[in-house]
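A.B. asks: Here it is, the structure, as structure tokens.
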Amino acid sequence: MTLAGRIALGVLIALALFAFVLPLLWTIPPETTDPANRLATPSAIHPLGTDEIGRDILSRLAHGGQITLVVGVAAMLTALAVGIVVGGVAGFYGGLLDGVLMRLTDAMLAIPAFFLVLVVITVLGSDLATLVLVIGGLSWMPVARVVYGETLRWKVAEFVVAAESLGASSLRILVRHVLPQALPVLLVSATLGVGNAILTESAVSYLGLGVQPPTPSWGNMLQRAQQYVFTSPLLAFYPGAAIMLVVLAFNFAGDAVRDRFDPRSRSRV
Amino acid sequence: MIVFTSALTFFFVNLAPGGPSSIMNMSATAEQRDALIRAMGLDRPVAVRYVDWLGGALRGDLGTSLTTDLPIATLLGDRLPNTLLLSGTALALALLVGIPIGIVQALRRGTWLDRILDLISTLGLAVPVFWLGIVLILIFAVNLHVLPSSGVSSVSDDSFGDRLAHLVLPAFALATTILPTVVRFMRTSLIEVLGTEYLRTAEAKGLREATVIVRHALPNALMPVVSAIGALIPRLLGGTVVTEAVFSWPGMGRLALDAANGRDYPLVTGIALVVATIAVVTSIVVDVVYTRLDPRVALS
Amino acid sequence: MFVASLLRTRRVAALALTAVMLGTACAGGASPTATSSAQTGGTPVAGGTVTIPIVADPTLNPWSPNAFVESVFPNRVLFASVTKPGKDLAPAPDLAESWSAATDGLSWTFKLRAGMKWSDGQPLNADDIAFTFNDVVLKKELAANGAGNFAAVKSVTAVDPTTVRFDLLRPFAALPSYLAYNAGILPKHVLSADPLKTTSFNKGVPVSSGPYKVEKYTAGQSVSMVRNDSYFGPKPYLDKVVFSVVPDPNTQIAQALSGDIGIMLLDDKASVDRVKSASNLTVQSRPLVQYYWLALNQTDSRFTDVRVRQAFVYAINRKAIIDSVERGYGSIANSAISPALKAYYDPSLASKYGYDPEKAKSLLKDAGWTAGADGILTKDGKPFKFTMDVGQKGPLEPVNALIQQDLKKVGVQADLNTMEWNSYIQKVVVQRNYTATVNWWVYPSDPDVFPYYHSSAAGKGFNIPGYQDPKLDDILVRGQAATDVEKRKAVYKELQSYMAENEPYLFLWYPEEVDVFSTSLKGVPELGLRDAMHYIGEWWLAKK
């Protein structure tokens, strides 16, 4: 694995530890307020300072990381699930199903996702499950395309034909023989997908529709911090930097995975 | 498909809790709310309202906005050109800057320059556009005073130069949402083309490197980029929502946000209709351009 | 280095200037014609343009149901009303020169100025006032904005072109004040066909009566106004007034910092420090007729015990909220009458409830609540837990977070349910499906708060907690009937004491408005910016 890939993986592990393990050790709750100590500069008690009503930023950043990472990963998994089903079924069965499903995919790709996100969240509210479903539900199309391509490619392979002649069911062939071939490409999609999901969540939170306070997420911490951009710009720096870091890390990790599994792309280095 | 989208949106938005802002505010009395609901016809079942709307839409009448009492067609007509101007400029910017950078990176692949540019472009992908927007405003409008901070033009001066000045920051911010992708596509595509036998043959024939690149490599490399643009346009249009919010740009994105928040049912449906239409039109246009440029595709 | 030191001296100078101005503003606050001495810096000169940001395209018709907060400024400039807020907040003459109530209190007669004209030259007289009320405000099916304020009006009669009489269903001493509150008069000769939905008027160039008239309405951008030559008052100084549409508050601040704005209302006080340090800007605070409250739904038996309500007031550190969220621009509230209503406000109640969590705990104990194992109070086996609905607007999110933590310290668990504003209104206000919620009331400059507290207003009216108390009802009714100012003062003093003792809504704080304006803008009276709009003819720009 390249140096960049290794660093990216390291960063991701560090961020996961930060979000999930640190709160076990750093026990200041993210919602405890202390208005007398608002907007404090970093100190021993509050290594990253406090926010506009005195809540500990380090704690909020860690807990917020949990939400942000979970929403990102969950949304990506949703997208994967839907995309695999749509792309796999369309590619494998062909015919009318293929036509309909791929048309649907194309149609959804053409619609600017963000408008849909807006409308759907306005209607369904912004609890976590809805957010995950909405973001995931609007990012499955590239996955479907990829799986479709891979399915078409591999369904004519020898070992698949052999399995068919031996009487294996279509579903079994799809899951046990075709999909594993697509795994590397899916992995790349997945890593990039998490990055995108996180950016979408932060944009949605900026508009006030994402994760609702007082639950912290990096996206909604940015939204609140926006009001303090003139007086305490650092407030926006931490969640903003965290978002950038995690998206960068996922992107580089995705690149590294692609390089590992696709020897042709090595020559691009 | 457009009808389907509009139906879906209409029913969906009408499910949203709450109602138009004229009804949902602290100072309306219960009587006022009832009177408004009746006046807006919101006491009728959703299906009836949709049929009503559809009938109007087919005749070209998109109805009246519930939050501004203006005809929706007028509202859309006012706002759409602004969004098109913004996205069009952003697209042009992304292409004009992105393609050359991609070429440079491809030609100098593996070098120090390539890595740096790659890092910058990955960074660009990770920056939230609203953050970038406010930073740009802070630097160029507040601190340096060289560019205006919002709107399409100044009240006092409506010249071309003034409009151009207002366009710079938002277009640049919006362009960054797709610029890195354009760069990557160009780079990857050109590298692949440069590695093909066809090209080595041309080199072997003794043609100069520059000619090889410009005459043979580039046109082939540009093909995937063109089709990529088709995929990027929806992302660009989606990005207008946030960009227009930050720069107070009177476009469709801003309108959509206000309409959704204000539960302006006919307006949201109207916007959905327009957006879906744009989506269909652009994908057709991109397909046509692609086919025109690449004779091989037409044949297959 | 040189630049840095230059900036430092400028900042020091700005701070010093601000201190001097604030000092003189406080000193000069008592006189009825208070205009900050920093602003009467010289003789007014004509000329110049002032830009004022608003958050959305305005609807130029004060009675349209779509005229929201962004429309208040332009409407108050364009449409004169029967009375306007005086510089001491008592109703002052606008279209009317004088007025009086009948002895039975069931009608008010207003004498209008003679010879007034609309911006298109047509006469402006009692017919327009009668039209505005009979055909617009009092017509229920039009659902005019703010019609609820005039529920006591039966009909309006134009006795002759300069005399108009309001006939009432019950005594309504506050009528003159309410006529000054977003109650601009509409032109009968233009709008009689469709008073509220004529878009060429509402979203275009209306026929108006104020010192300025609309020159151009550019949707999504701005509404520019020039002098109205038919205006009945003195000629305004400024050449042009522009309301520019800037939805994003940060962008508004950025524009102020770069000198593109004449005056603005600083909605979110977070950036106050940065704005104060700008040398081209002045920052001033203004009292408001507004208060924030916590409503405890009286259908929940836990909240009907006055000791519980009082305990909550002791438990919430209101000073901390004011200092952090409002950056100090506010004062603790113990009743519904704001200090802005100087004639009626009772300052002796201000210190009634200090921040005292121990007192809160003991009151809760008296009310039968005992501490459970996990620190949460219980009674009859049920823990003191409930959900507070939070609307996403203004400072409500951080305020609720602070209140939640304060309540936790006395053993009460309040979970927060944050929702988007539109849905919040439907749940809390329309359906009354809530347990506790924080919000605010803004109302005309009159102590008559009947609509928010009377038992008849519970359920569907503005009495959000649904508090029903015959004693309170009696005081409210007496206040409405009293037309003599001294009698009113006595009744409303009684009202404030009663409210402070019984906390029908839990009173939190009175916010102050923060206005930011260019140092060259003078003549703006010391009123909330909405009220100051009535005096825009007196504003002027000093030459640099």
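So you can find residues: chains in the structure tokens are A, B, ... in the order shown, residues in each start at 1, and ligands are numbered from 1 in order.
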Could you give me, as a Markdown table, every chain B residue with an atom at most 6 Å from chain A, plus its closest atom pair and distance in Å to one decimal, counting only C-alpha atoms, rows ordered by chain then number?
C.D. replies:
```
| residue | atom | partner | partner_atom | distance |
| --- | --- | --- | --- | --- |
| B:Val13 | CA | A:Val123 | CA | 5.9 |
| B:Ala16 | CA | A:Val123 | CA | 3.9 |
| B:Gly110 | CA | A:Val269 | CA | 5.5 |
| B:Ala126 | CA | A:Met244 | CA | 5.0 |
| B:Val127 | CA | A:Met244 | CA | 5.9 |
| B:Pro234 | CA | A:Pro112 | CA | 4.1 |
| B:Arg235 | CA | A:Pro112 | CA | 5.8 |
| B:Leu237 | CA | A:Pro112 | CA | 5.9 |
| B:Gly238 | CA | A:Phe114 | CA | 4.7 |
| B:Ala279 | CA | A:Ala110 | CA | 5.1 |
```
A.B. asks: Could you take the residues named above and write them with N, CA and C atoms, as a PDB file, in the first residue's frame?
C.D. replies:
```pdb
ATOM      1  N   VAL B  13     -44.801  16.571  -0.530  1.00  0.00           N
ATOM      2  CA  VAL B  13     -44.707  17.835   0.201  1.00  0.00           C
ATOM      3  C   VAL B  13     -45.968  18.100   0.997  1.00  0.00           C
ATOM      4  N   ALA B  16     -46.052  16.949   4.489  1.00  0.00           N
ATOM      5  CA  ALA B  16     -45.200  17.566   5.504  1.00  0.00           C
ATOM      6  C   ALA B  16     -46.035  18.174   6.622  1.00  0.00           C
ATOM      7  N   GLY B 110       3.491  11.634 -11.476  1.00  0.00           N
ATOM      8  CA  GLY B 110       4.499  11.068 -10.589  1.00  0.00           C
ATOM      9  C   GLY B 110       5.453  12.095 -10.030  1.00  0.00           C
ATOM     10  N   ALA B 126     -12.965  18.158  -0.288  1.00  0.00           N
ATOM     11  CA  ALA B 126     -13.382  17.956   1.102  1.00  0.00           C
ATOM     12  C   ALA B 126     -13.878  19.225   1.782  1.00  0.00           C
ATOM     13  N   VAL B 127     -13.673  20.365   1.151  1.00  0.00           N
ATOM     14  CA  VAL B 127     -14.071  21.618   1.809  1.00  0.00           C
ATOM     15  C   VAL B 127     -15.572  21.862   1.670  1.00  0.00           C
ATOM     16  N   PRO B 234     -25.827  17.670 -12.296  1.00  0.00           N
ATOM     17  CA  PRO B 234     -26.743  17.598 -11.147  1.00  0.00           C
ATOM     18  C   PRO B 234     -26.071  18.012  -9.845  1.00  0.00           C
ATOM     19  N   ARG B 235     -24.809  17.621  -9.689  1.00  0.00           N
ATOM     20  CA  ARG B 235     -24.133  17.984  -8.454  1.00  0.00           C
ATOM     21  C   ARG B 235     -23.968  19.503  -8.368  1.00  0.00           C
ATOM     22  N   LEU B 237     -25.894  21.783  -9.803  1.00  0.00           N
ATOM     23  CA  LEU B 237     -27.186  22.411  -9.515  1.00  0.00           C
ATOM     24  C   LEU B 237     -27.539  22.254  -8.047  1.00  0.00           C
ATOM     25  N   GLY B 238     -27.246  21.091  -7.488  1.00  0.00           N
ATOM     26  CA  GLY B 238     -27.522  20.895  -6.067  1.00  0.00           C
ATOM     27  C   GLY B 238     -26.705  21.860  -5.230  1.00  0.00           C
ATOM     28  N   ALA B 279     -32.890  18.519 -15.781  1.00  0.00           N
ATOM     29  CA  ALA B 279     -32.099  17.293 -15.708  1.00  0.00           C
ATOM     30  C   ALA B 279     -32.227  16.518 -17.015  1.00  0.00           C
TER      31      ALA B 279
END
```
A.B. asks: Residues of chain C no more than 7 Å from chain B, counting only C-alpha atoms: send them over as JSON, numbers by chain.
C.D. replies: {"C": [65, 66, 140, 141, 142, 143, 146, 148, 197, 199, 220, 221, 246, 247, 248, 251, 254, 255, 257, 258, 422, 423, 425, 426, 460, 461]}
A.B. asks: Applying 12 Å and only C-alpha atoms, which residues near Arg60 of chain A remain after dropping the ones on its own chain fewer than 2 positions away? List them as a PyMOL selection string.
C.D. replies: chain A and resi 18-19+22-23+26-33+46-51+54-58+62-68+213-222+235+238-239
A.B. asks: Using atom CA of Leu187 of chain A and atom CA of Leu80 of chain A as the two end points, give the distance in Å to one decimal.
C.D. replies: 9.7 Å
A.B. asks: So that I can check the surroundings of segment 73-82 of chain C, please list as a count of residues only every protein, DNA and RNA residue that reaches within 7 Å of it, counting only C-alpha atoms and ignoring chain neighbours fewer than 5 positions away.
C.D. replies: 21
A.B. asks: Would you give me, as a list in words, the residues of chain C that come within 8 Å of chain A, using only C-alpha atoms?
C.D. replies: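 That gives the following set of residues: Asn250, Asp268, Ala270, Ser271, Asp273, Arg274, Ala320, Ile321, Asp323, Ser324, Val325, Gln392, Glu397, Pro398, Ala401, Leu402, Gln405, Leu416, Thr418, Met419 and Glu420 of chain C.
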A.B. asks: Using only C-alpha atoms, please write the residues we just selected to a file, as a PDB file, in the first residue's frame.
C.D. replies:
```
ATOM      1  CA  ASN C 250     -23.442  36.870   8.200  1.00  0.00           C
ATOM      2  CA  ASP C 268     -28.081  37.577  16.341  1.00  0.00           C
ATOM      3  CA  ALA C 270     -23.114  36.834  18.545  1.00  0.00           C
ATOM      4  CA  SER C 271     -21.129  39.221  16.370  1.00  0.00           C
ATOM      5  CA  ASP C 273     -18.136  42.525  19.614  1.00  0.00           C
ATOM      6  CA  ARG C 274     -16.729  42.466  16.114  1.00  0.00           C
ATOM      7  CA  ALA C 320     -26.509  33.823  32.660  1.00  0.00           C
ATOM      8  CA  ILE C 321     -28.799  33.423  29.663  1.00  0.00           C
ATOM      9  CA  ASP C 323     -25.145  37.490  29.438  1.00  0.00           C
ATOM     10  CA  SER C 324     -24.302  34.624  27.147  1.00  0.00           C
ATOM     11  CA  VAL C 325     -27.011  34.393  24.519  1.00  0.00           C
ATOM     12  CA  GLN C 392     -35.506  26.600  15.359  1.00  0.00           C
ATOM     13  CA  GLU C 397     -31.696  26.458  20.742  1.00  0.00           C
ATOM     14  CA  PRO C 398     -28.969  27.621  23.127  1.00  0.00           C
ATOM     15  CA  ALA C 401     -29.920  23.919  26.266  1.00  0.00           C
ATOM     16  CA  LEU C 402     -29.138  26.234  29.170  1.00  0.00           C
ATOM     17  CA  GLN C 405     -29.044  22.071  32.357  1.00  0.00           C
ATOM     18  CA  LEU C 416     -35.285  18.652  24.192  1.00  0.00           C
ATOM     19  CA  THR C 418     -35.815  20.431  18.387  1.00  0.00           C
ATOM     20  CA  MET C 419     -37.898  20.951  15.283  1.00  0.00           C
ATOM     21  CA  GLU C 420     -38.115  23.162  12.285  1.00  0.00           C
TER      22      GLU C 420
END
```
A.B. asks: Mind checking which residues fall within 10 Å of segment 63-65 of chain B, counting only C-alpha atoms, ignoring those fewer than 2 positions away in the same chain, and posting them as a PyMOL selection string?
C.D. replies: chain B and resi 20+40+52-54+56-57+60-61+67-75+259+264-268+270
A.B. asks: Output N, CA, C and O atoms for every residue in that selection, as a short mmCIF file (atom, residue, chain, number, x, y, z; two decimals), in the first residue's frame.
C.D. replies:
```cif
data_model
loop_
_atom_site.label_atom_id
_atom_site.label_comp_id
_atom_site.auth_asym_id
_atom_site.auth_seq_id
_atom_site.Cartn_x
_atom_site.Cartn_y
_atom_site.Cartn_z
N PRO B 20 -48.43 26.45 5.06
CA PRO B 20 -47.79 27.67 4.57
C PRO B 20 -47.55 28.65 5.71
O PRO B 20 -48.31 28.72 6.66
N MET B 40 -57.09 29.27 0.60
CA MET B 40 -56.07 28.62 -0.24
C MET B 40 -56.53 27.27 -0.77
O MET B 40 -55.80 26.59 -1.47
N ASP B 52 -56.22 19.43 -9.74
CA ASP B 52 -56.38 20.85 -10.02
C ASP B 52 -55.08 21.45 -10.55
O ASP B 52 -55.03 22.14 -11.56
N TRP B 53 -53.99 21.14 -9.83
CA TRP B 53 -52.69 21.69 -10.20
C TRP B 53 -52.27 21.17 -11.56
O TRP B 53 -51.77 21.91 -12.41
N LEU B 54 -52.44 19.86 -11.77
CA LEU B 54 -52.01 19.25 -13.01
C LEU B 54 -52.75 19.86 -14.18
O LEU B 54 -52.15 20.17 -15.22
N GLY B 56 -53.97 22.77 -14.41
CA GLY B 56 -53.39 24.09 -14.67
C GLY B 56 -52.04 23.97 -15.35
O GLY B 56 -51.74 24.67 -16.32
N ALA B 57 -51.20 23.07 -14.85
CA ALA B 57 -49.84 22.94 -15.36
C ALA B 57 -49.85 22.59 -16.84
O ALA B 57 -49.05 23.09 -17.63
N GLY B 60 -50.16 25.33 -18.93
CA GLY B 60 -49.09 26.31 -18.82
C GLY B 60 -49.21 27.19 -17.59
O GLY B 60 -48.36 28.07 -17.35
N ASP B 61 -50.25 26.98 -16.80
CA ASP B 61 -50.43 27.81 -15.61
C ASP B 61 -49.98 27.02 -14.39
O ASP B 61 -50.62 26.07 -13.98
N THR B 67 -46.91 31.67 -0.54
CA THR B 67 -46.24 32.58 0.38
C THR B 67 -46.03 33.97 -0.20
O THR B 67 -45.70 34.89 0.51
N THR B 68 -46.20 34.14 -1.52
CA THR B 68 -45.98 35.47 -2.06
C THR B 68 -47.14 35.94 -2.94
O THR B 68 -47.13 37.07 -3.39
N ASP B 69 -48.12 35.09 -3.19
CA ASP B 69 -49.25 35.43 -4.06
C ASP B 69 -48.84 35.76 -5.48
O ASP B 69 -49.64 36.28 -6.25
N LEU B 70 -47.59 35.50 -5.84
CA LEU B 70 -47.17 35.77 -7.21
C LEU B 70 -47.41 34.54 -8.07
O LEU B 70 -47.33 33.42 -7.58
N PRO B 71 -47.65 34.69 -9.36
CA PRO B 71 -47.77 33.51 -10.21
C PRO B 71 -46.44 32.77 -10.22
O PRO B 71 -45.37 33.38 -10.34
N ILE B 72 -46.52 31.46 -10.09
CA ILE B 72 -45.30 30.68 -9.95
C ILE B 72 -44.44 30.76 -11.20
O ILE B 72 -43.22 30.80 -11.13
N ALA B 73 -45.11 30.80 -12.34
CA ALA B 73 -44.33 30.88 -13.57
C ALA B 73 -43.46 32.13 -13.55
O ALA B 73 -42.30 32.10 -13.97
N THR B 74 -44.00 33.23 -13.05
CA THR B 74 -43.22 34.47 -12.97
C THR B 74 -42.03 34.30 -12.03
O THR B 74 -40.90 34.69 -12.34
N LEU B 75 -42.31 33.73 -10.86
CA LEU B 75 -41.24 33.53 -9.88
C LEU B 75 -40.11 32.70 -10.47
O LEU B 75 -38.93 33.05 -10.38
N ALA B 259 -39.22 27.72 -0.23
CA ALA B 259 -40.50 27.08 -0.53
C ALA B 259 -40.71 25.85 0.35
O ALA B 259 -41.80 25.64 0.86
N ASP B 264 -44.78 25.91 0.75
CA ASP B 264 -45.49 26.51 -0.38
C ASP B 264 -45.66 25.40 -1.40
O ASP B 264 -44.89 25.27 -2.35
N TYR B 265 -46.71 24.59 -1.22
CA TYR B 265 -46.86 23.35 -1.98
C TYR B 265 -46.79 23.54 -3.50
O TYR B 265 -46.03 22.84 -4.17
N PRO B 266 -47.57 24.46 -4.05
CA PRO B 266 -47.50 24.58 -5.51
C PRO B 266 -46.12 25.03 -5.99
O PRO B 266 -45.66 24.61 -7.04
N LEU B 267 -45.44 25.86 -5.18
CA LEU B 267 -44.13 26.34 -5.61
C LEU B 267 -43.11 25.21 -5.60
O LEU B 267 -42.31 25.06 -6.53
N VAL B 268 -43.13 24.40 -4.56
CA VAL B 268 -42.19 23.28 -4.50
C VAL B 268 -42.39 22.35 -5.68
O VAL B 268 -41.44 21.92 -6.34
N GLY B 270 -43.73 23.13 -8.53
CA GLY B 270 -43.27 23.83 -9.73
C GLY B 270 -41.77 23.75 -9.89
O GLY B 270 -41.24 23.49 -10.98
#
```
A.B. asks: Which residues are near Leu407 of chain C? Cut-off 12 Å, only C-alpha atoms, ignore same chain within fewer than 2 positions. Put them as a ChimeraX atom specification.
C.D. replies: /A:32-33 /C:308-309,311-317,355-358,360-361,364,375-377,384-386,388,400-405,409-415
A.B. asks: So that I can check the surroundings of Ser192 of chain C, please list as number ranges by chain every protein, DNA and RNA residue that reaches within 9 Å of it, counting only C-alpha atoms and ignoring chain neighbours fewer than 4 positions away.
C.D. replies: C: 131, 135, 187-188
A.B. asks: Kindly save the residues from that selection, with N, CA, C and O atoms included, as a PDB file, in the first residue's frame.
C.D. replies:
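The resulting selection_2.pdb:
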```pdb
ATOM      1  N   PHE C 131     -62.469  52.198   4.873  1.00  0.00           N
ATOM      2  CA  PHE C 131     -62.263  51.088   3.949  1.00  0.00           C
ATOM      3  C   PHE C 131     -61.296  50.070   4.533  1.00  0.00           C
ATOM      4  O   PHE C 131     -61.558  48.866   4.556  1.00  0.00           O
ATOM      5  N   ASP C 135     -63.588  46.914   5.292  1.00  0.00           N
ATOM      6  CA  ASP C 135     -63.504  45.985   4.180  1.00  0.00           C
ATOM      7  C   ASP C 135     -62.287  45.079   4.192  1.00  0.00           C
ATOM      8  O   ASP C 135     -62.164  44.206   3.352  1.00  0.00           O
ATOM      9  N   PRO C 187     -55.122  52.456   0.347  1.00  0.00           N
ATOM     10  CA  PRO C 187     -55.877  53.353  -0.539  1.00  0.00           C
ATOM     11  C   PRO C 187     -57.141  52.683  -1.082  1.00  0.00           C
ATOM     12  O   PRO C 187     -57.074  51.668  -1.789  1.00  0.00           O
ATOM     13  N   LYS C 188     -58.275  53.265  -0.757  1.00  0.00           N
ATOM     14  CA  LYS C 188     -59.544  52.672  -1.201  1.00  0.00           C
ATOM     15  C   LYS C 188     -59.643  52.702  -2.721  1.00  0.00           C
ATOM     16  O   LYS C 188     -60.111  51.747  -3.344  1.00  0.00           O
TER      17      LYS C 188
END
```
A.B. asks: In Å, rounded to a single decimal, give me how far atom CA of Gly124 of chain B is from atom CA of Thr176 of chain B.
C.D. replies: 6.3 Å
A.B. asks: Go ahead and compute the interatomic distance for atom CA of Asp98 of chain A and atom CA of Val85 of chain A, in Å to one decimal.
C.D. replies: 11.8 Å
A.B. asks: Just checking: using only C-alpha atoms, which residue out of A:Leu133, A:Ala44, A:Lys155, A:Val188 ends up closest to Tyr93 of chain A?
C.D. replies: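 When distances to Tyr93 of chain A are compared using only C-alpha atoms, the smallest one comes from A:Lys155.
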A.B. asks: Quick check for you: according to DSSP on this backbone, which residues of segment 92-224 of chain B are classed as helix (DSSP H, G or I)? Reply as a ChimeraX atom specification.
C.D. replies: /B:92-107,112-126,129-143,160-175,179-194,197-204,209-224
A.B. asks: Counting only C-alpha atoms, which of C:Asp515, C:Asp127, C:Glu503, C:Asp406 gets nearest to Ile263 of chain C?
C.D. replies: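 Looking only at the distances to Ile263 of chain C, the closest residue turns out to be C:Asp515.
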